[in-house]
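What follows is the content of run.pdb, which has PDB, C-alpha atoms:
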ATOM      1  CA  MET A1133    -156.559  49.010-144.636
ATOM      2  CA  ASN A1134    -156.030  45.322-144.039
ATOM      3  CA  ARG A1135    -158.309  42.773-145.711
ATOM      4  CA  GLN A1136    -157.891  39.141-144.695
ATOM      5  CA  LYS A1137    -159.480  36.178-146.456
ATOM      6  CA  SER A1138    -158.577  33.492-143.969
ATOM      7  CA  PHE A1139    -159.037  30.466-146.226
ATOM      8  CA  ASP A1140    -158.275  31.904-149.658
ATOM      9  CA  GLU A1141    -154.645  32.773-148.993
ATOM     10  CA  ASP A1142    -151.766  30.334-149.392
ATOM     11  CA  LYS A1143    -149.399  31.673-146.756
ATOM     12  CA  PRO A1144    -148.398  30.856-143.170
ATOM     13  CA  SER A1145    -150.896  31.849-140.497
ATOM     14  CA  ILE A1146    -151.321  32.257-136.764
ATOM     15  CA  TYR A1147    -154.249  30.366-135.221
ATOM     16  CA  LEU A1148    -155.740  31.571-131.928
ATOM     17  CA  VAL A1149    -156.995  28.316-130.434
ATOM     18  CA  ALA A1150    -159.382  28.272-127.480
ATOM     19  CA  THR A1151    -158.631  25.470-125.019
ATOM     20  CA  PRO A1152    -160.818  23.880-122.293
ATOM     21  CA  ILE A1153    -161.492  25.913-119.139
ATOM     22  CA  GLY A1154    -162.126  22.743-117.175
ATOM     23  CA  ASN A1155    -163.689  19.795-118.966
ATOM     24  CA  LEU A1156    -161.236  18.462-121.561
ATOM     25  CA  GLU A1157    -164.109  17.379-123.812
ATOM     26  CA  GLU A1158    -164.615  21.076-124.632
ATOM     27  CA  LEU A1159    -161.685  20.954-127.059
ATOM     28  CA  THR A1160    -163.396  20.921-130.446
ATOM     29  CA  PRO A1161    -162.531  18.558-133.313
ATOM     30  CA  ARG A1162    -161.409  21.571-135.332
ATOM     31  CA  ALA A1163    -159.106  22.725-132.537
ATOM     32  CA  ILE A1164    -157.593  19.241-132.274
ATOM     33  CA  SER A1165    -157.035  19.185-136.034
ATOM     34  CA  ILE A1166    -155.350  22.596-135.993
ATOM     35  CA  LEU A1167    -153.093  21.697-133.066
ATOM     36  CA  GLU A1168    -152.061  18.496-134.868
ATOM     37  CA  SER A1169    -151.416  20.164-138.220
ATOM     38  CA  VAL A1170    -149.523  23.353-137.304
ATOM     39  CA  ASP A1171    -145.738  23.364-137.115
ATOM     40  CA  VAL A1172    -145.471  25.049-133.714
ATOM     41  CA  ILE A1173    -147.726  25.630-130.688
ATOM     42  CA  ALA A1174    -146.923  28.726-128.630
ATOM     43  CA  ALA A1175    -148.257  28.224-125.091
ATOM     44  CA  GLU A1176    -148.731  30.450-122.052
ATOM     45  CA  ASP A1177    -147.515  27.603-119.826
ATOM     46  CA  THR A1178    -145.894  24.692-121.630
ATOM     47  CA  ARG A1179    -146.422  22.359-118.650
ATOM     48  CA  ASN A1180    -150.194  22.849-118.641
ATOM     49  CA  THR A1181    -150.449  22.639-122.415
ATOM     50  CA  MET A1182    -148.326  19.472-122.500
ATOM     51  CA  LYS A1183    -150.942  17.753-120.308
ATOM     52  CA  LEU A1184    -153.665  18.752-122.764
ATOM     53  CA  LEU A1185    -151.667  17.653-125.806
ATOM     54  CA  SER A1186    -150.765  14.341-124.165
ATOM     55  CA  HIS A1187    -154.439  13.655-123.443
ATOM     56  CA  PHE A1188    -155.247  13.962-127.152
ATOM     57  CA  GLY A1189    -152.024  12.359-128.403
ATOM     58  CA  ILE A1190    -150.811  15.578-130.079
ATOM     59  CA  LYS A1191    -147.029  15.731-130.542
ATOM     60  CA  THR A1192    -146.575  19.141-132.189
ATOM     61  CA  ARG A1193    -143.497  21.167-131.202
ATOM     62  CA  LEU A1194    -144.241  23.319-128.143
ATOM     63  CA  ILE A1195    -142.663  26.685-127.208
ATOM     64  CA  ALA A1196    -143.341  29.239-124.458
ATOM     65  CA  HIS A1197    -145.241  32.457-125.130
ATOM     66  CA  HIS A1198    -146.282  34.250-121.933
ATOM     67  CA  GLN A1199    -146.664  37.813-120.684
ATOM     68  CA  HIS A1200    -143.104  37.983-119.356
ATOM     69  CA  ASN A1201    -141.523  37.219-122.735
ATOM     70  CA  GLU A1202    -144.331  38.360-125.036
ATOM     71  CA  LEU A1203    -142.474  41.005-127.056
ATOM     72  CA  GLN A1204    -139.339  38.920-127.586
ATOM     73  CA  SER A1205    -141.405  35.808-128.261
ATOM     74  CA  ALA A1206    -143.545  37.694-130.784
ATOM     75  CA  LYS A1207    -140.446  38.563-132.790
ATOM     76  CA  GLY A1208    -139.485  34.904-132.788
ATOM     77  CA  LEU A1209    -142.945  33.877-133.966
ATOM     78  CA  ILE A1210    -142.770  36.363-136.840
ATOM     79  CA  GLU A1211    -139.476  34.791-137.882
ATOM     80  CA  LEU A1212    -141.091  31.338-137.793
ATOM     81  CA  LEU A1213    -143.848  32.641-140.070
ATOM     82  CA  ASN A1214    -141.208  34.083-142.396
ATOM     83  CA  GLN A1215    -139.732  30.588-142.607
ATOM     84  CA  GLY A1216    -143.089  29.157-143.707
ATOM     85  CA  ASN A1217    -144.343  27.751-140.395
ATOM     86  CA  ASN A1218    -147.975  27.742-139.285
ATOM     87  CA  ILE A1219    -148.405  28.530-135.580
ATOM     88  CA  ALA A1220    -151.125  27.984-132.991
ATOM     89  CA  ILE A1221    -151.302  30.197-129.914
ATOM     90  CA  VAL A1222    -152.966  28.813-126.784
ATOM     91  CA  SER A1223    -153.421  30.090-123.246
ATOM     92  CA  ASP A1224    -153.731  27.966-120.119
ATOM     93  CA  ALA A1225    -157.508  27.846-120.455
ATOM     94  CA  GLY A1226    -160.067  29.580-122.654
ATOM     95  CA  TYR A1227    -159.448  32.052-125.439
ATOM     96  CA  PRO A1228    -156.006  33.613-125.966
ATOM     97  CA  LEU A1229    -155.932  37.438-125.605
ATOM     98  CA  ILE A1230    -158.945  37.480-123.245
ATOM     99  CA  SER A1231    -157.095  38.449-120.036
ATOM    100  CA  ASP A1232    -154.247  36.334-121.416
ATOM    101  CA  PRO A1233    -151.166  36.933-123.619
ATOM    102  CA  GLY A1234    -151.462  37.235-127.391
ATOM    103  CA  SER A1235    -152.385  40.820-128.254
ATOM    104  CA  VAL A1236    -148.793  41.895-128.937
ATOM    105  CA  VAL A1237    -148.038  39.093-131.369
ATOM    106  CA  THR A1238    -151.444  39.414-133.041
ATOM    107  CA  LYS A1239    -150.817  43.071-133.899
ATOM    108  CA  MET A1240    -147.305  42.301-135.143
ATOM    109  CA  VAL A1241    -148.504  39.381-137.280
ATOM    110  CA  ILE A1242    -151.161  41.545-138.936
ATOM    111  CA  GLU A1243    -148.629  44.302-139.589
ATOM    112  CA  ALA A1244    -146.289  41.719-141.123
ATOM    113  CA  GLY A1245    -149.000  40.708-143.613
ATOM    114  CA  TYR A1246    -149.893  37.291-142.258
ATOM    115  CA  SER A1247    -153.353  36.014-141.299
ATOM    116  CA  VAL A1248    -154.688  35.717-137.753
ATOM    117  CA  ILE A1249    -157.357  33.014-137.634
ATOM    118  CA  PRO A1250    -159.602  32.403-134.586
ATOM    119  CA  VAL A1251    -160.537  28.839-133.669
ATOM    120  CA  SER A1252    -163.696  28.896-131.567
ATOM    121  CA  GLY A1253    -164.036  27.278-128.192
ATOM    122  CA  SER A1254    -164.446  27.801-124.470
ATOM    123  CA  ASN A1255    -164.556  31.173-122.758
ATOM    124  CA  ALA A1256    -165.225  31.584-119.037
ATOM    125  CA  MET A1257    -166.704  35.056-119.426
ATOM    126  CA  LEU A1258    -169.410  33.946-121.870
ATOM    127  CA  ASN A1259    -170.231  30.822-119.864
ATOM    128  CA  ALA A1260    -170.789  32.891-116.734
ATOM    129  CA  LEU A1261    -172.737  35.594-118.547
ATOM    130  CA  VAL A1262    -175.304  33.374-120.251
ATOM    131  CA  ALA A1263    -176.053  31.436-117.061
ATOM    132  CA  SER A1264    -176.012  34.468-114.741
ATOM    133  CA  GLY A1265    -179.698  35.320-114.967
ATOM    134  CA  LEU A1266    -178.746  38.956-115.616
ATOM    135  CA  ASP A1267    -179.316  40.928-118.818
ATOM    136  CA  THR A1268    -177.234  39.612-121.731
ATOM    137  CA  GLN A1269    -178.510  41.926-124.469
ATOM    138  CA  HIS A1270    -175.643  44.375-123.902
ATOM    139  CA  PHE A1271    -172.621  43.817-121.679
ATOM    140  CA  LEU A1272    -169.063  44.903-120.905
ATOM    141  CA  PHE A1273    -166.234  42.452-120.301
ATOM    142  CA  TYR A1274    -163.716  44.179-118.019
ATOM    143  CA  GLY A1275    -161.461  41.350-116.892
ATOM    144  CA  PHE A1276    -159.426  41.795-113.689
ATOM    145  CA  LEU A1277    -159.739  44.915-111.570
ATOM    146  CA  LYS A1278    -156.509  46.320-110.098
ATOM    147  CA  SER A1279    -155.206  44.654-106.936
ATOM    148  CA  SER A1280    -154.629  47.957-105.108
ATOM    149  CA  GLU A1281    -157.780  49.074-103.250
ATOM    150  CA  LYS A1282    -157.292  52.703-104.266
ATOM    151  CA  ASP A1283    -156.885  51.799-107.939
ATOM    152  CA  ARG A1284    -159.743  49.286-107.802
ATOM    153  CA  VAL A1285    -162.132  51.836-106.290
ATOM    154  CA  LYS A1286    -161.120  54.362-108.948
ATOM    155  CA  GLU A1287    -161.848  51.824-111.711
ATOM    156  CA  LEU A1288    -165.236  51.025-110.226
ATOM    157  CA  HIS A1289    -166.136  54.699-110.028
ATOM    158  CA  ASP A1290    -165.390  54.943-113.745
ATOM    159  CA  LEU A1291    -167.852  52.082-114.270
ATOM    160  CA  LYS A1292    -170.479  53.094-111.703
ATOM    161  CA  TYR A1293    -172.960  54.599-114.141
ATOM    162  CA  TYR A1294    -172.444  52.065-116.934
ATOM    163  CA  PRO A1295    -176.001  50.924-117.755
ATOM    164  CA  PHE A1296    -175.253  47.397-118.984
ATOM    165  CA  THR A1297    -174.153  44.138-117.364
ATOM    166  CA  MET A1298    -170.448  43.990-116.457
ATOM    167  CA  VAL A1299    -168.256  40.893-116.257
ATOM    168  CA  PHE A1300    -165.079  40.626-114.161
ATOM    169  CA  TYR A1301    -162.491  37.931-113.511
ATOM    170  CA  GLU A1302    -161.196  37.459-109.972
ATOM    171  CA  ALA A1303    -158.938  35.147-107.977
ATOM    172  CA  PRO A1304    -160.210  33.440-104.785
ATOM    173  CA  HIS A1305    -157.708  35.172-102.486
ATOM    174  CA  ARG A1306    -158.914  38.604-103.682
ATOM    175  CA  ILE A1307    -162.645  38.004-104.066
ATOM    176  CA  ARG A1308    -163.735  39.415-100.673
ATOM    177  CA  LYS A1309    -161.868  42.680-101.149
ATOM    178  CA  MET A1310    -163.156  42.959-104.717
ATOM    179  CA  LEU A1311    -166.787  42.480-103.649
ATOM    180  CA  GLU A1312    -166.379  44.895-100.725
ATOM    181  CA  SER A1313    -165.133  47.528-103.167
ATOM    182  CA  CYS A1314    -168.083  46.804-105.455
ATOM    183  CA  LEU A1315    -170.495  47.211-102.545
ATOM    184  CA  GLN A1316    -168.845  50.473-101.503
ATOM    185  CA  VAL A1317    -168.902  52.041-104.965
ATOM    186  CA  LEU A1318    -171.730  50.365-106.891
ATOM    187  CA  GLY A1319    -174.140  49.707-104.057
ATOM    188  CA  ASN A1320    -175.831  46.420-103.204
ATOM    189  CA  ARG A1321    -176.467  45.243-106.761
ATOM    190  CA  ASN A1322    -177.510  41.808-107.963
ATOM    191  CA  ILE A1323    -174.588  39.714-109.127
ATOM    192  CA  CYS A1324    -173.737  36.177-110.164
ATOM    193  CA  LEU A1325    -170.504  34.622-108.964
ATOM    194  CA  ALA A1326    -169.523  31.688-111.187
ATOM    195  CA  ARG A1327    -166.662  29.409-110.198
ATOM    196  CA  GLU A1328    -165.016  26.183-111.320
ATOM    197  CA  LEU A1329    -166.762  26.486-114.682
ATOM    198  CA  THR A1330    -167.247  23.187-116.572
ATOM    199  CA  LYS A1331    -165.470  21.306-113.757
ATOM    200  CA  LYS A1332    -166.991  18.814-111.305
ATOM    201  CA  HIS A1333    -167.679  21.505-108.696
ATOM    202  CA  GLU A1334    -169.090  24.127-111.101
ATOM    203  CA  GLU A1335    -171.272  26.567-109.178
ATOM    204  CA  PHE A1336    -173.345  29.683-109.874
ATOM    205  CA  ILE A1337    -174.186  31.838-106.850
ATOM    206  CA  ARG A1338    -176.842  34.422-107.640
ATOM    207  CA  GLY A1339    -177.915  37.156-105.251
ATOM    208  CA  SER A1340    -177.023  40.586-103.900
ATOM    209  CA  ILE A1341    -173.428  41.545-103.148
ATOM    210  CA  GLU A1342    -174.207  41.581 -99.421
ATOM    211  CA  GLU A1343    -175.684  38.072 -99.568
ATOM    212  CA  ILE A1344    -172.701  36.630-101.395
ATOM    213  CA  LEU A1345    -170.201  38.388 -99.108
ATOM    214  CA  GLU A1346    -171.633  36.328 -96.231
ATOM    215  CA  MET A1347    -170.351  33.108 -97.792
ATOM    216  CA  VAL A1348    -167.461  34.176-100.010
ATOM    217  CA  ASP A1349    -164.668  33.164 -97.608
ATOM    218  CA  ASP A1350    -165.440  29.478 -98.173
ATOM    219  CA  LEU A1351    -165.219  29.659-101.972
ATOM    220  CA  LYS A1352    -162.315  28.351-104.034
ATOM    221  CA  GLY A1353    -161.312  28.238-107.685
ATOM    222  CA  GLU A1354    -161.023  30.852-110.410
ATOM    223  CA  MET A1355    -164.067  33.093-110.468
ATOM    224  CA  VAL A1356    -166.158  35.172-112.835
ATOM    225  CA  VAL A1357    -168.306  37.924-111.324
ATOM    226  CA  VAL A1358    -171.267  39.158-113.380
ATOM    227  CA  VAL A1359    -172.701  42.469-112.107
ATOM    228  CA  GLU A1360    -175.950  44.156-113.133
ATOM    229  CA  GLY A1361    -175.657  47.578-114.746
ATOM    230  CA  CYS A1362    -176.577  50.932-113.229
ATOM    231  CA  LYS A1363    -180.279  51.587-112.889
ATOM    232  CA  ASP A1364    -180.025  55.094-111.394
ATOM    233  CA  GLN A1365    -179.209  58.564-112.658
ATOM    234  CA  LYS A1366    -175.874  60.195-111.805
ATOM    235  CA  SER A1367    -177.608  63.080-110.080
ATOM    236  CA  GLN A1368    -179.350  60.688-107.676
ATOM    237  CA  ASP A1369    -176.142  58.931-106.709
ATOM    238  CA  GLN A1370    -173.859  61.940-106.467
ATOM    239  CA  THR A1371    -175.354  62.967-103.098
ATOM    240  CA  GLN A1372    -174.786  59.447-101.803
ATOM    241  CA  ASP A1373    -171.123  59.699-102.835
ATOM    242  CA  ALA A1374    -170.622  63.150-101.299
ATOM    243  CA  PRO A1375    -168.466  62.089 -98.306
ATOM    244  CA  LEU A1376    -166.063  60.177-100.552
ATOM    245  CA  LEU A1377    -165.901  63.012-103.080
ATOM    246  CA  HIS A1378    -165.371  65.628-100.360
ATOM    247  CA  GLU A1379    -162.540  63.582 -98.877
ATOM    248  CA  GLN A1380    -160.840  63.282-102.267
ATOM    249  CA  ILE A1381    -161.173  67.039-102.849
ATOM    250  CA  LYS A1382    -159.646  67.761 -99.413
ATOM    251  CA  GLN A1383    -156.740  65.429-100.158
ATOM    252  CA  TYR A1384    -155.943  67.307-103.361
ATOM    253  CA  ILE A1385    -156.221  70.664-101.554
ATOM    254  CA  SER A1386    -153.810  69.469 -98.848
ATOM    255  CA  SER A1387    -151.339  68.426-101.557
ATOM    256  CA  GLY A1388    -151.265  71.933-103.049
ATOM    257  CA  TYR A1389    -154.233  72.248-105.412
ATOM    258  CA  THR A1390    -156.608  75.187-105.127
ATOM    259  CA  THR A1391    -160.201  74.316-104.230
ATOM    260  CA  ASN A1392    -161.380  74.895-107.800
ATOM    261  CA  GLU A1393    -158.518  72.814-109.218
ATOM    262  CA  ALA A1394    -159.277  69.988-106.767
ATOM    263  CA  ILE A1395    -162.999  70.006-107.634
ATOM    264  CA  LYS A1396    -162.207  69.993-111.355
ATOM    265  CA  LYS A1397    -159.783  67.085-110.937
ATOM    266  CA  VAL A1398    -162.210  64.970-108.873
ATOM    267  CA  ALA A1399    -165.089  65.702-111.260
ATOM    268  CA  LYS A1400    -162.973  64.491-114.187
ATOM    269  CA  GLU A1401    -161.833  61.357-112.344
ATOM    270  CA  TYR A1402    -165.382  60.305-111.453
ATOM    271  CA  GLY A1403    -167.118  61.406-114.637
ATOM    272  CA  LEU A1404    -169.175  64.106-112.902
ATOM    273  CA  SER A1405    -170.245  67.622-113.807
ATOM    274  CA  LYS A1406    -167.685  70.114-112.445
ATOM    275  CA  ASN A1407    -170.394  72.734-111.884
ATOM    276  CA  ASP A1408    -172.688  70.298-110.065
ATOM    277  CA  LEU A1409    -169.847  69.085-107.850
ATOM    278  CA  TYR A1410    -168.814  72.698-107.115
ATOM    279  CA  LYS A1411    -172.348  73.558-106.009
ATOM    280  CA  GLU A1412    -172.660  70.417-103.929
ATOM    281  CA  TYR A1413    -169.266  70.944-102.232
ATOM    282  CA  HIS A1414    -170.039  74.531-101.314
ATOM    283  CA  GLY A1415    -173.607  73.772-100.267
ATOM    284  CA  LEU A1416    -175.151  75.701-103.126
ATOM    285  CA  SER A1417    -177.357  72.914-104.472
TER     286      SER A1417
END
Target format structure tokens, applied to this file:
Amino acid sequence: MNRQKSFDEDKPSIYLVATPIGNLEELTPRAISILESVDVIAAEDTRNTMKLLSHFGIKTRLIAHHQHNELQSAKGLIELLNQGNNIAIVSDAGYPLISDPGSVVTKMVIEAGYSVIPVSGSNAMLNALVASGLDTQHFLFYGFLKSSEKDRVKELHDLKYYPFTMVFYEAPHRIRKMLESCLQVLGNRNICLARELTKKHEEFIRGSIEEILEMVDDLKGEMVVVVEGCKDQKSQDQTQDAPLLHEQIKQYISSGYTTNEAIKKVAKEYGLSKNDLYKEYHGLS
């Protein structure tokens, strides 16, 4: 068990500081105070963070902490804590750890007995969600889908019957392929595509996947895609998916699996009943 009292303990700490996702005025007074008072700021990209610090006149020592050096950097940050230094971790924009580096060092800091303290601020996912017009009572933040079409389709099949709103991040050069995969697997659901959040050209595009695909090639900037949850039962959709499922079964059979083994494997991959898929494949249902 680990019990942390963030402000009752006199020992070095790591601060997870959310930074602006567009508008610099989003940086809170508390965040500015923390960034000024810590001994070191560990940044995903020191060039981007230097621009932010310069804007607010913050001159704290800056070091790199990104996904390519995260494990080695985490060890160095633990040593800085051991020496009595307080550290702030920032990503390029938004909250550290949310589709950004930080999870490795956070776990190591907790295991080492130091405090991990969040400093509230901007988050693109929440901004897009609350303005999407879709249900916000329950939701899943997924982040980026895989870049490979095969892997992306597999991920979406795992999510197909999730009943609550889902939130994804996506880059402009991949958005068409991502939405085409969503249309293929999820059907023509209502979505909200949010881009350039808190910047001058902030935009929310609400409509069906098919409607937004008609205009998506002209869109730029980092994007958040909010997708409505599943409204149908698995049994109703399984028939619709039959050609895709049959093709996957045949591929496994051609690679050496028996028919029963192939059906079992596909059922597991897509979260379906093995018996129902067996009956459907053999025309028994």
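If you measure from each of A:Pro1233, A:Pro1144, A:Gly1319, A:Pro1152 to Ile1219 of chain A using all atoms listed in the file, the closest one turns out to be A:Pro1144.
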List as a list in words the protein and nucleic acid residues near Leu1277 of chain A, meaning an atom at most 9 Å away when all atoms listed in the file are counted, but skip any in the same chain fewer than 4 places from it.
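Result of the neighbour search: Asp1283, Arg1284, Glu1287, Leu1288, Phe1300, Tyr1301, Glu1302 and Met1310 of chain A.
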Matched chain/residue IDs from the PyMOL selection byres ((chain A and resi 1413) around 10), as a ChimeraX atom specification:
/A:1374-1375,1377-1378,1381,1391,1395,1407-1412,1414-1417
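Distances from A:Ile1337, A:Ile1164, A:Leu1266, A:Ala1196 to Arg1179 of chain A were compared using all atoms listed in the file, and the smallest one belongs to A:Ala1196.
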Quick one: which residues end up in the PyMOL selection byres ((chain A and resi 1234-1238) around 7) for this structure, as a PyMOL selection string?
chain A and resi 1202-1203+1206+1228-1229+1232-1233+1239-1242+1248
What separation in Å, quoted to one decimal, exists between atom CA of Ser1252 of chain A and atom CA of Leu1325 of chain A?
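Atom CA of Ser1252 of chain A sits 24.3 Å away from atom CA of Leu1325 of chain A.
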Among listed residues A:Asn1180, A:Ser1340, A:Gln1316, A:Ser1247, nearest Lys1137 of chain A (using all atoms listed in the file)
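Closest to Lys1137 of chain A of all the choices is A:Ser1247.
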I would like the residues chosen by the PyMOL selection byres ((chain A and resi 1177) around 9) on the shown file; could you give them as a VMD selection string?
chain A and resid 1174 to 1176 1178 to 1182 1195 to 1198 1222 to 1224
Hey, can you check how far atom CA of Lys1331 of chain A sits from atom CA of Asn1155 of chain A?
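Distance reported for this atom pair: 5.7 Å.
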Looking at all atoms listed in the file, which of A:Met1133, A:Val1170, A:Cys1314, A:Ile1385 is the one that sits closest to Glu1281 of chain A?
A:Cys1314
Looking at all atoms listed in the file, which of A:Asn1255, A:Leu1156, A:Phe1276, A:Ser1145 is the one that sits closest to Gln1215 of chain A?
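Closest to Gln1215 of chain A of all the choices is A:Ser1145.
Using only C-alpha atoms, the smallest distance between any of A:Gly1208, A:Gly1339, A:Gly1245, A:Gly1226 and Gln1136 of chain A comes from A:Gly1245.
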Distance query Gln1269 of chain A at most 12 Å, only C-alpha atoms, self and fewer than 5 positions along chain excluded, as a PDB file with C-alpha atoms, in the coordinates of the input:
ATOM      1  CA  LEU A1261    -172.737  35.594-118.547  1.00  0.00           C
ATOM      2  CA  VAL A1262    -175.304  33.374-120.251  1.00  0.00           C
ATOM      3  CA  PRO A1295    -176.001  50.924-117.755  1.00  0.00           C
ATOM      4  CA  PHE A1296    -175.253  47.397-118.984  1.00  0.00           C
ATOM      5  CA  THR A1297    -174.153  44.138-117.364  1.00  0.00           C
ATOM      6  CA  MET A1298    -170.448  43.990-116.457  1.00  0.00           C
ATOM      7  CA  GLU A1360    -175.950  44.156-113.133  1.00  0.00           C
ATOM      8  CA  GLY A1361    -175.657  47.578-114.746  1.00  0.00           C
TER       9      GLY A1361
END
